[in-house]
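Working notes, structure below.
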2 protein chains.
Amino acid sequence: MTKSFGYAAPEKKATLEPFAFERRAVGPNDILIEIQFCGVCHSDIHQVNDDWGGSIYPMVPGHEIVGRVAEVGANVEKFKEGDTAGVGCMVDSCRRCASCEAGLEQFCAVHTALTYNGTEMDETTPTFGGYSTNIVVDESFALKISPEQNLAAVAPLLCAGITTYSPLKRFDIKHGSKVGIVGLGGLGHMGVKFAVAMGADVTVFSTSPTKEEDARKLGAQHFVVTKEPGALEPLASQFDFILDTVSAPHDLNVYLELLKYNGALVLVGIPGEPAAVLAPLLVMRQRNLTGSAIGGIPETQEMLDYCAAKNIVSDIEMIGIDAIARAYERTVKGDVRYRFVIDIASLKSIAANVG
Amino acid sequence: MTKSFGYAAPEKKATLEPFAFERRAVGPNDILIEIQFCGVCHSDIHQVNDDWGGSIYPMVPGHEIVGRVAEVGANVEKFKEGDTAGVGCMVDSCRRCASCEAGLEQFCAVHTALTYNGTEMDETTPTFGGYSTNIVVDESFALKISPEQNLAAVAPLLCAGITTYSPLKRFDIKHGSKVGIVGLGGLGHMGVKFAVAMGADVTVFSTSPTKEEDARKLGAQHFVVTKEPGALEPLASQFDFILDTVSAPHDLNVYLELLKYNGALVLVGIPGEPAAVLAPLLVMRQRNLTGSAIGGIPETQEMLDYCAAKNIVSDIEMIGIDAIARAYERTVKGDVRYRFVIDIASLKSIAANVG
């Protein structure tokens, strides 16, 4: 077995606390990653709090993982010791169903082994995430990371990055595309960076006028304060694509109305309540309402390579693991620009003291 | 001017009655069509009743028009006297905007002149539809009709046909596609015919078990009575495409759940109330909810040519104009298999008697 040390929620809504545990021994197809950085995703908080039901405790959150390959199994081809590797939201899937064969492991027909708060392919053994010193993962679910980039700022790409990159690629966003990004948070700020890099004309929609300066620094050409009466009306039927990153319940119809013929509104946040959709907005101009869920392993690698080539990373605030409770509070309030990343060195020193 | 005679609603919700009126003189780009048949679309009833607001009276309904070309203007190239021609939901548009240039005149940025209950491009002169003895229309908005087919049964193609053909083509339905059709009425029965002709595996979803025999005669391989508890559960995530032809408010989520990865639920009916959509159904499997509105002139001609080649027409019940009130009552109850078509000869004899 492989000794690991992390921070875990012992039960629903509990404060995270030090947690010593074991991972499997490094198998022939596995790599052992000494984790250097792990991003804090808003979904970590939802799962610790069991907001979506079915949470498994103790829970070691974290699915935006970057680190150094410390050991490789006998059959491993993609990595060697000393390489930089990443792990995102998944650590395994059946690899045989139509979804897996299409590189869409997140929609595996059998079982997707989520990186934490999930189970391995036996559907019994719990998985533990990246708020920990190391992880053992099949090389097929590990991503190659360029060591040239700021690795702490690369970590959020593993979830926030692929979640926003994938729908922009699906709808073929390119020079001349008119793109809207609703909400400027962890997901939204990555959406702006990608859309700008792809050459689009980008408008940020936000309830918060204080974010205009940031939106423009990120490259957005336009900024709209959505709560200003009448702000959206002049923009009717102008957008090819709108990425909606807001999880709180809100009116989708105001954004549907901004789409051109055959334009798409893509949800990546999941409001807890049903959205009231006006069918005439879909029928007239044949607008599309759809959603997107992370991305498969091949597309995640493509995104990381794209980011390395274009020098795209997340804007982050680095924290030590001891600041995680405060970071959760600030994330819930949207008070982070734009992603907390845990320096896992802080965890290693606690592990050394404990053990 | 051109003398015409039709049946009109003098005011909101009124019974249709004989109505003598004039159309414009045949201009250099116009053709005069002596109407032979006109289909009865459910939307005729909604507009007579002003269900959608803004109705213009007196109103001569009818936008499923087939007839014989009786006169052509000096510049007309597409038609000659004696040809068979059709008119659908539109009689003009700006012809210069991006939508018009893309052959999507129904989404003209300036003004779409609807065939009735609309106005000409001056946005003042009212338009009168096909419950009438003749129509004068610019040749660009007239469709060529094969005289080989049953012309009465061709008439509904001009609205019910293009409304269902267009989304099937947009989503590239072909051999091997798994298609669902929700509702077996005027639109639904055409959807089944087209999907079957395109080689799809077709399932009809209906609340009415009595329609199974018809569904199978139309070529559907499967029939599901949606009100049977548990009937939909085994079909989760199986469909590439579902065409929803139901206008009454109903739960869209049950159909979204039947879609595969990247599958599409297309609304062609317009429920009057907002639909409550569960975002997780869109996010997981990246399903699409969209709508479709008739089709442009080029695609309408393509559909008519396709129907002529494949010998596809609507299933109809022919009526005289004197039976229109009863036909409206039966259409509202869904008691028609599957489209009433007015034999305009019946109107001509009344016109002759009136004088």
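Ordering of the structure tokens sets the chain letters (A, B, ...); residue numbers start at 1 within each chain; ligands are numbered from 1 in the order shown.
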
Query - Expected answer as number ranges by chain: strand (DSSP E) residues in range 81-294 of chain A - result: A: 84-87, 90-92, 113-114, 134-138, 143-144, 178-182, 201-206, 222-225, 239-244, 259-267, 275-277, 288-291

Requested in this report: Using only C-alpha atoms, determine which residues of chain B fall within 8 Å of chain A; present them as an MDAnalysis selection string.
Outcome: chainID B and resid 107 261 267:268 270:271 273:280 282:293

For N, CA, C and O atoms, I'd like the residues from the last selection saved as an mmCIF file, in the first residue's frame.
```cif
data_model
loop_
_atom_site.group_PDB
_atom_site.id
_atom_site.type_symbol
_atom_site.label_atom_id
_atom_site.label_comp_id
_atom_site.auth_asym_id
_atom_site.auth_seq_id
_atom_site.Cartn_x
_atom_site.Cartn_y
_atom_site.Cartn_z
ATOM 1 N N PHE B 107 -36.790 34.291 -40.577
ATOM 2 C CA PHE B 107 -36.118 35.042 -39.514
ATOM 3 C C PHE B 107 -35.601 36.378 -40.046
ATOM 4 O O PHE B 107 -34.644 36.945 -39.510
ATOM 5 N N TYR B 261 -26.007 11.071 -25.427
ATOM 6 C CA TYR B 261 -24.997 12.137 -25.483
ATOM 7 C C TYR B 261 -25.216 13.001 -26.728
ATOM 8 O O TYR B 261 -25.313 12.471 -27.837
ATOM 9 N N LEU B 267 -38.523 21.369 -30.195
ATOM 10 C CA LEU B 267 -39.912 21.778 -30.034
ATOM 11 C C LEU B 267 -40.412 22.422 -31.312
ATOM 12 O O LEU B 267 -39.773 23.329 -31.849
ATOM 13 N N VAL B 268 -41.557 21.952 -31.810
ATOM 14 C CA VAL B 268 -42.203 22.667 -32.915
ATOM 15 C C VAL B 268 -43.582 23.151 -32.495
ATOM 16 O O VAL B 268 -44.139 24.045 -33.115
ATOM 17 N N ILE B 270 -45.685 25.170 -29.506
ATOM 18 C CA ILE B 270 -45.296 26.225 -28.560
ATOM 19 C C ILE B 270 -46.257 26.233 -27.388
ATOM 20 O O ILE B 270 -47.316 26.871 -27.448
ATOM 21 N N PRO B 271 -45.900 25.531 -26.304
ATOM 22 C CA PRO B 271 -46.744 25.604 -25.113
ATOM 23 C C PRO B 271 -46.832 27.053 -24.616
ATOM 24 O O PRO B 271 -45.850 27.790 -24.681
ATOM 25 N N GLU B 273 -47.184 28.153 -21.606
ATOM 26 C CA GLU B 273 -46.514 28.419 -20.332
ATOM 27 C C GLU B 273 -45.036 28.081 -20.429
ATOM 28 O O GLU B 273 -44.641 27.247 -21.227
ATOM 29 N N PRO B 274 -44.211 28.722 -19.570
ATOM 30 C CA PRO B 274 -42.794 28.345 -19.574
ATOM 31 C C PRO B 274 -42.641 26.877 -19.188
ATOM 32 O O PRO B 274 -43.419 26.353 -18.385
ATOM 33 N N ALA B 275 -41.668 26.213 -19.771
ATOM 34 C CA ALA B 275 -41.391 24.810 -19.453
ATOM 35 C C ALA B 275 -40.344 24.752 -18.347
ATOM 36 O O ALA B 275 -39.338 25.454 -18.411
ATOM 37 N N ALA B 276 -40.578 23.923 -17.340
ATOM 38 C CA ALA B 276 -39.617 23.773 -16.238
ATOM 39 C C ALA B 276 -38.567 22.747 -16.650
ATOM 40 O O ALA B 276 -38.856 21.564 -16.768
ATOM 41 N N VAL B 277 -37.363 23.224 -16.905
ATOM 42 C CA VAL B 277 -36.301 22.359 -17.420
ATOM 43 C C VAL B 277 -35.272 22.092 -16.321
ATOM 44 O O VAL B 277 -34.789 23.018 -15.677
ATOM 45 N N LEU B 278 -34.947 20.813 -16.133
ATOM 46 C CA LEU B 278 -33.948 20.427 -15.132
ATOM 47 C C LEU B 278 -32.561 20.504 -15.756
ATOM 48 O O LEU B 278 -32.213 19.694 -16.628
ATOM 49 N N ALA B 279 -31.760 21.465 -15.296
ATOM 50 C CA ALA B 279 -30.434 21.683 -15.877
ATOM 51 C C ALA B 279 -29.539 20.439 -15.851
ATOM 52 O O ALA B 279 -28.801 20.201 -16.818
ATOM 53 N N PRO B 280 -29.579 19.619 -14.792
ATOM 54 C CA PRO B 280 -28.688 18.441 -14.811
ATOM 55 C C PRO B 280 -28.925 17.528 -16.010
ATOM 56 O O PRO B 280 -27.994 16.886 -16.501
ATOM 57 N N LEU B 282 -29.494 18.486 -18.966
ATOM 58 C CA LEU B 282 -28.772 19.083 -20.090
ATOM 59 C C LEU B 282 -27.261 18.932 -19.913
ATOM 60 O O LEU B 282 -26.528 18.678 -20.874
ATOM 61 N N VAL B 283 -26.804 19.116 -18.676
ATOM 62 C CA VAL B 283 -25.364 19.096 -18.412
ATOM 63 C C VAL B 283 -24.808 17.684 -18.572
ATOM 64 O O VAL B 283 -23.799 17.478 -19.251
ATOM 65 N N MET B 284 -25.471 16.711 -17.925
ATOM 66 C CA MET B 284 -25.023 15.337 -18.096
ATOM 67 C C MET B 284 -25.425 14.910 -19.509
ATOM 68 O O MET B 284 -26.527 15.175 -19.956
ATOM 69 N N ARG B 285 -24.525 14.296 -20.224
ATOM 70 C CA ARG B 285 -24.723 13.850 -21.617
ATOM 71 C C ARG B 285 -24.853 15.004 -22.615
ATOM 72 O O ARG B 285 -25.137 14.798 -23.782
ATOM 73 N N GLN B 286 -24.684 16.230 -22.145
ATOM 74 C CA GLN B 286 -24.642 17.380 -23.046
ATOM 75 C C GLN B 286 -25.810 17.384 -24.038
ATOM 76 O O GLN B 286 -25.643 17.565 -25.239
ATOM 77 N N ARG B 287 -27.004 17.155 -23.457
ATOM 78 C CA ARG B 287 -28.194 17.121 -24.301
ATOM 79 C C ARG B 287 -28.607 18.531 -24.726
ATOM 80 O O ARG B 287 -28.321 19.504 -24.039
ATOM 81 N N ASN B 288 -29.321 18.606 -25.850
ATOM 82 C CA ASN B 288 -29.724 19.871 -26.440
ATOM 83 C C ASN B 288 -31.239 20.016 -26.449
ATOM 84 O O ASN B 288 -31.944 19.090 -26.838
ATOM 85 N N LEU B 289 -31.697 21.188 -26.038
ATOM 86 C CA LEU B 289 -33.114 21.535 -26.163
ATOM 87 C C LEU B 289 -33.191 22.705 -27.129
ATOM 88 O O LEU B 289 -32.526 23.724 -26.927
ATOM 89 N N THR B 290 -33.980 22.548 -28.170
ATOM 90 C CA THR B 290 -34.046 23.622 -29.154
ATOM 91 C C THR B 290 -35.436 23.647 -29.780
ATOM 92 O O THR B 290 -36.311 22.860 -29.400
ATOM 93 N N GLY B 291 -35.635 24.560 -30.689
ATOM 94 C CA GLY B 291 -36.904 24.670 -31.376
ATOM 95 C C GLY B 291 -36.682 24.838 -32.861
ATOM 96 O O GLY B 291 -35.552 24.989 -33.324
ATOM 97 N N SER B 292 -37.777 24.807 -33.599
ATOM 98 C CA SER B 292 -37.664 24.965 -35.045
ATOM 99 C C SER B 292 -38.919 25.671 -35.542
ATOM 100 O O SER B 292 -40.012 25.423 -35.035
ATOM 101 N N ALA B 293 -38.766 26.547 -36.507
ATOM 102 C CA ALA B 293 -39.873 27.339 -37.031
ATOM 103 C C ALA B 293 -39.910 27.205 -38.552
ATOM 104 O O ALA B 293 -39.035 27.721 -39.251
#
```

Query raised in the report: Which of range 158-321 of chain A counts as helix (DSSP H, G or I) under DSSP, as a PyMOL selection string please?
Result: chain A and resi 158+160-170+186-197+209-217+233-235+253-256+279-286+297-310+321

Report summary line: The distance between CA of Glu34 in chain A and CA of Phe141 in chain A is 15.7 Å

Requested in this report: Do a neighbour search on range 154-160 of chain A at 9 Å with only C-alpha atoms, toss out local chain neighbours closer than 6 positions, and write the hits as a ChimeraX atom specification.
Outcome: /A:37-41,63-66,86-89,143,145,186-188,190-191,294-295,300,303-304,307,312-316,339-341
